[in-house]
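A.B. asks: Structure file upload.cif (mmCIF, C-alpha atoms) right here:
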data_work
loop_
_atom_site.label_atom_id
_atom_site.label_comp_id
_atom_site.auth_asym_id
_atom_site.auth_seq_id
_atom_site.Cartn_x
_atom_site.Cartn_y
_atom_site.Cartn_z
CA MET C 1 99.61 182.17 203.38
CA LYS C 2 95.99 183.29 203.12
CA ASP C 3 94.08 180.19 204.24
CA PHE C 4 95.02 178.23 207.37
CA ALA C 5 93.96 177.21 210.85
CA ALA C 6 96.02 178.45 213.81
CA ILE C 7 95.97 175.97 216.68
CA ASP C 8 97.07 175.98 220.29
CA PHE C 9 96.89 173.34 223.01
CA GLU C 10 97.36 173.56 226.75
CA THR C 11 98.31 170.41 228.67
CA ALA C 12 97.50 169.23 232.18
CA ASN C 13 100.83 167.52 232.85
CA SER C 14 104.06 166.50 231.13
CA GLN C 15 102.31 163.88 228.99
CA ARG C 16 101.69 165.29 225.52
CA SER C 17 98.38 163.41 225.38
CA SER C 18 97.09 165.42 228.36
CA VAL C 19 95.57 168.21 226.28
CA CYS C 20 93.13 170.08 228.51
CA SER C 21 92.11 172.89 226.15
CA VAL C 22 92.31 173.74 222.48
CA GLY C 23 91.95 177.00 220.59
CA ILE C 24 91.48 177.20 216.82
CA VAL C 25 91.37 180.30 214.62
CA ILE C 26 90.32 179.84 211.00
CA VAL C 27 91.76 182.29 208.48
CA ARG C 28 90.44 182.48 204.92
CA ASN C 29 91.63 185.02 202.37
CA GLY C 30 93.76 186.56 205.12
CA GLU C 31 90.79 187.25 207.40
CA ILE C 32 89.69 185.50 210.58
CA THR C 33 86.42 183.80 209.70
CA ASP C 34 85.81 181.48 212.65
CA THR C 35 87.11 180.51 216.07
CA PHE C 36 86.69 177.50 218.32
CA TYR C 37 87.59 176.89 221.96
CA SER C 38 86.95 173.93 224.20
CA LEU C 39 88.09 172.53 227.47
CA ILE C 40 89.03 168.85 227.22
CA GLN C 41 89.17 166.18 229.87
CA PRO C 42 92.88 165.29 229.76
CA GLU C 43 94.34 161.81 229.45
CA PRO C 44 95.92 161.03 231.84
CA ASN C 45 93.56 163.05 234.00
CA TYR C 46 95.77 164.80 236.52
CA TYR C 47 97.32 168.27 236.71
CA THR C 48 100.81 169.19 237.73
CA TYR C 49 101.42 172.30 239.78
CA TRP C 50 103.60 173.82 237.04
CA CYS C 51 101.02 173.38 234.26
CA THR C 52 98.28 174.89 236.40
CA GLN C 53 100.59 177.83 237.19
CA VAL C 54 101.06 178.43 233.46
CA HIS C 55 97.45 178.33 232.24
CA GLY C 56 95.35 178.40 235.40
CA LEU C 57 93.31 175.31 234.57
CA THR C 58 92.61 172.59 237.13
CA ARG C 59 90.79 169.30 237.26
CA LEU C 60 87.80 171.14 238.67
CA GLN C 61 87.31 172.90 235.31
CA THR C 62 87.82 169.83 233.11
CA ASP C 63 86.36 166.86 235.01
CA ASN C 64 83.04 167.37 233.21
CA ALA C 65 84.60 168.49 229.91
CA PRO C 66 84.29 166.30 226.82
CA VAL C 67 87.05 163.86 225.93
CA PHE C 68 89.29 164.58 222.96
CA PRO C 69 87.53 162.43 220.30
CA TYR C 70 84.27 164.32 220.90
CA VAL C 71 86.02 167.71 220.67
CA TRP C 72 87.98 166.72 217.58
CA ALA C 73 84.77 165.60 215.84
CA GLN C 74 83.75 169.28 216.01
CA VAL C 75 87.17 170.59 214.95
CA ALA C 76 87.92 168.27 212.02
CA PRO C 77 85.28 169.68 209.64
CA MET C 78 86.39 173.24 210.45
CA ILE C 79 90.02 172.61 209.50
CA GLU C 80 89.49 170.22 206.61
CA GLY C 81 91.84 171.03 203.76
CA LEU C 82 93.67 173.75 205.70
CA PRO C 83 97.29 173.71 206.79
CA LEU C 84 97.74 174.07 210.55
CA VAL C 85 99.90 176.81 212.04
CA ALA C 86 101.29 176.88 215.57
CA HIS C 87 103.86 178.92 217.45
CA ASN C 88 106.40 176.23 218.35
CA LYS C 89 104.75 173.63 216.16
CA SER C 90 106.88 170.84 217.63
CA PHE C 91 104.86 171.10 220.87
CA ASP C 92 101.36 171.40 219.37
CA GLU C 93 101.96 168.85 216.63
CA SER C 94 103.37 166.35 219.14
CA CYS C 95 100.35 166.91 221.41
CA LEU C 96 97.98 166.28 218.52
CA LYS C 97 99.79 163.10 217.47
CA ALA C 98 100.00 161.85 221.07
CA VAL C 99 96.31 162.32 221.78
CA PHE C 100 95.38 160.67 218.48
CA ARG C 101 97.55 157.68 219.51
CA CYS C 102 96.08 157.67 223.01
CA TYR C 103 92.55 157.30 221.66
CA ARG C 104 93.63 155.01 218.80
CA MET C 105 92.39 157.44 216.19
CA ASP C 106 93.79 157.52 212.65
CA TYR C 107 96.02 160.58 212.31
CA PRO C 108 95.34 162.40 209.01
CA ASP C 109 98.95 163.66 208.61
CA TYR C 110 98.12 167.34 208.96
CA GLU C 111 100.40 169.86 207.27
CA PHE C 112 101.97 172.04 210.02
CA HIS C 113 103.80 175.37 209.81
CA CYS C 114 105.66 177.11 212.62
CA THR C 115 105.42 180.83 213.31
CA CYS C 116 108.24 180.59 215.88
CA ILE C 117 110.70 179.30 213.26
CA ALA C 118 109.44 181.87 210.75
CA SER C 119 109.80 184.65 213.35
CA ARG C 120 113.53 183.91 213.70
CA ARG C 121 113.93 184.73 210.02
CA ALA C 122 111.53 187.69 210.04
CA PHE C 123 112.80 189.21 213.31
CA PRO C 124 116.41 188.06 213.78
CA ARG C 125 117.12 190.87 216.26
CA ALA C 126 114.03 190.35 218.44
CA ALA C 127 114.73 190.15 222.17
CA ASN C 128 113.28 186.62 222.05
CA HIS C 129 110.90 184.67 219.84
CA GLN C 130 108.22 183.91 222.39
CA LEU C 131 104.61 184.20 221.28
CA HIS C 132 103.81 187.42 223.14
CA THR C 133 106.99 189.13 221.92
CA ILE C 134 106.49 188.29 218.25
CA ALA C 135 102.77 189.04 218.40
CA SER C 136 103.61 192.50 219.70
CA LEU C 137 106.12 193.04 216.88
CA CYS C 138 103.31 192.13 214.46
CA GLY C 139 100.94 194.65 216.05
CA PHE C 140 98.90 192.29 218.24
CA GLN C 141 98.73 192.68 222.01
CA LEU C 142 98.31 189.26 223.61
CA LYS C 143 96.28 189.94 226.73
CA ASN C 144 95.44 186.44 227.96
CA HIS C 145 98.64 184.47 227.31
CA HIS C 146 98.30 180.69 227.82
CA HIS C 147 94.58 180.69 227.12
CA ALA C 148 94.43 178.40 224.09
CA LEU C 149 92.12 180.62 222.02
CA ALA C 150 94.06 183.81 222.81
CA ASP C 151 97.32 182.10 221.88
CA ALA C 152 95.81 180.72 218.65
CA GLU C 153 94.60 184.22 217.76
CA ALA C 154 98.09 185.65 218.36
CA CYS C 155 99.55 182.88 216.21
CA ALA C 156 97.06 183.63 213.44
CA TRP C 157 97.96 187.31 213.57
CA ILE C 158 101.68 186.46 213.30
CA ALA C 159 101.09 184.00 210.47
CA ARG C 160 99.15 186.60 208.46
CA GLU C 161 102.10 188.95 208.80
CA ILE C 162 105.11 186.68 208.20
CA LEU C 163 104.07 183.43 206.50
#
Once more with this new file: its structure as structure tokens, please.
C.D. replies:
Amino acid sequence: MKDFAAIDFETANSQRSSVCSVGIVIVRNGEITDTFYSLIQPEPNYYTYWCTQVHGLTRLQTDNAPVFPYVWAQVAPMIEGLPLVAHNKSFDESCLKAVFRCYRMDYPDYEFHCTCIASRRAFPRAANHQLHTIASLCGFQLKNHHHALADAEACAWIAREIL
């Protein structure tokens, strides 16, 4: 796969619609050509202790952030015509669908691919198939795990190697 958009969401709580940040990495002809990162005011707008422990974001950082429809209006033209790639696509795809439903937006039925599933075939003997482990096996050192843009970049690196 030479052209795609790697995507990663972080959520504020257990509701999949509570996306609080998004990272996008655009790859064309096998090269990273663009990136995008934004905080998002989550819906519902509360943070659980566990989610904050994972990514470090709190309501303080996102209370003045744009809501999802505004952010997605910037993202949509960037990813138009590209398949989306995520590590554990079931999470990111379900977040995207949930937040589209939450805001009553028409979901464009994005094509999604999963680097986690692909990594099980490519690295059957890996200690685990977590993002940081597989990224390392592909030659990428993930330094800011659970920051949406850093995770999207790691996913893009993996996808260029194994998809």
A.B. asks: I need the residue set behind the PyMOL selection byres ((chain C and resi 119-121) around 12) for this file; please write it as a PyMOL selection string.
C.D. replies: chain C and resi 86-88+113-118+122-138+155+158-163
A.B. asks: Give me the result of the PyMOL selection byres ((chain C and resi 46) around 8) on this file, residue by residue, as a count of residues only.
C.D. replies: 9
A.B. asks: Would you please work out which residue, of C:Asp63, C:Glu93, C:Glu111, C:Asp8, is nearest to C:Val25 when using all atoms listed in the file?
C.D. replies: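 Among the listed residues, the smallest separation from C:Val25 belongs to C:Asp8.
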A.B. asks: Starting from the displayed file, determine the output of the PyMOL selection byres ((chain C and resi 57) around 10) and express the residue list as number ranges by chain.
C.D. replies: C: 10-12, 20-21, 39, 47, 51-56, 58-62, 146-147
A.B. asks: Just give me the gap between atom CA of C:Tyr110 and atom CA of C:Ser14 in Å, one decimal is fine.
C.D. replies: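 Computing the Euclidean distance for atom CA of C:Tyr110 and atom CA of C:Ser14 yields 23.0 Å.
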A.B. asks: Between atom CA of C:Ala6 and atom CA of C:Tyr49, what is the distance in Å, rounded to a tenth?
C.D. replies: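 The value is 27.2 Å.
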A.B. asks: Report as lines of an AutoDock Vina configuration file the centre and the edge lengths, in Å to one decimal, of the axis-aligned box holding every listed atom of stretch 143-162 of chain C, padded by 5 Å on each side.
C.D. replies:
center_x = 98.6
center_y = 184.2
center_z = 218.1
size_x = 23.0
size_y = 21.5
size_z = 29.8
A.B. asks: Suppose you want the space between atom CA of C:Phe112 and atom CA of C:Phe140; what is it in Å?
C.D. replies: 22.1 Å
A.B. asks: From the options C:Asp92, C:Phe100, C:Asp109, C:Pro77, which residue's atoms come nearest to C:Gly23, counting all atoms listed in the file?
C.D. replies: C:Asp92
A.B. asks: So, counting only C-alpha atoms, which residue among C:Gln74, C:Val85, C:Glu80, C:Cys95 is closest to C:Ala154?
C.D. replies: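 Result for the nearest residue to C:Ala154: C:Val85.
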A.B. asks: Using all atoms listed in the file, pick whichever of C:Leu82, C:Leu142, C:Ala73, C:Ile24 has the shortest atom-to-atom distance to C:Asp3.
C.D. replies: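 The shortest atom-to-atom distance to C:Asp3 comes from C:Leu82.
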A.B. asks: Using only C-alpha atoms, which of the listed residues (C:Arg16, C:Val27, C:Gly81, C:Ala65) sits closest to C:Arg101?
C.D. replies: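 Between C:Arg16, C:Val27, C:Gly81, C:Ala65, the residue approaching C:Arg101 most closely is C:Arg16.
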A.B. asks: Could you tell me which of C:Gln41, C:Gln15, C:Asn64, C:Thr35 comes closest to C:Leu149 if we count all atoms listed in the file?
C.D. replies: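 With all atoms listed in the file as the atom set, the closest residue is C:Thr35.
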A.B. asks: Find the spatial neighbours of C:Arg28, counting only C-alpha atoms, within a cut-off of 9 Å - ignore same-chain residues fewer than 4 positions away - and output them as a PDB file with C-alpha atoms, in the coordinates of the input.
C.D. replies:
ATOM      1  CA  LYS C   2      95.990 183.290 203.120  1.00  0.00           C
ATOM      2  CA  ASP C   3      94.080 180.190 204.240  1.00  0.00           C
ATOM      3  CA  PHE C   4      95.020 178.230 207.370  1.00  0.00           C
ATOM      4  CA  ALA C   5      93.960 177.210 210.850  1.00  0.00           C
ATOM      5  CA  ILE C  32      89.690 185.500 210.580  1.00  0.00           C
ATOM      6  CA  THR C  33      86.420 183.800 209.700  1.00  0.00           C
TER       7      THR C  33
END
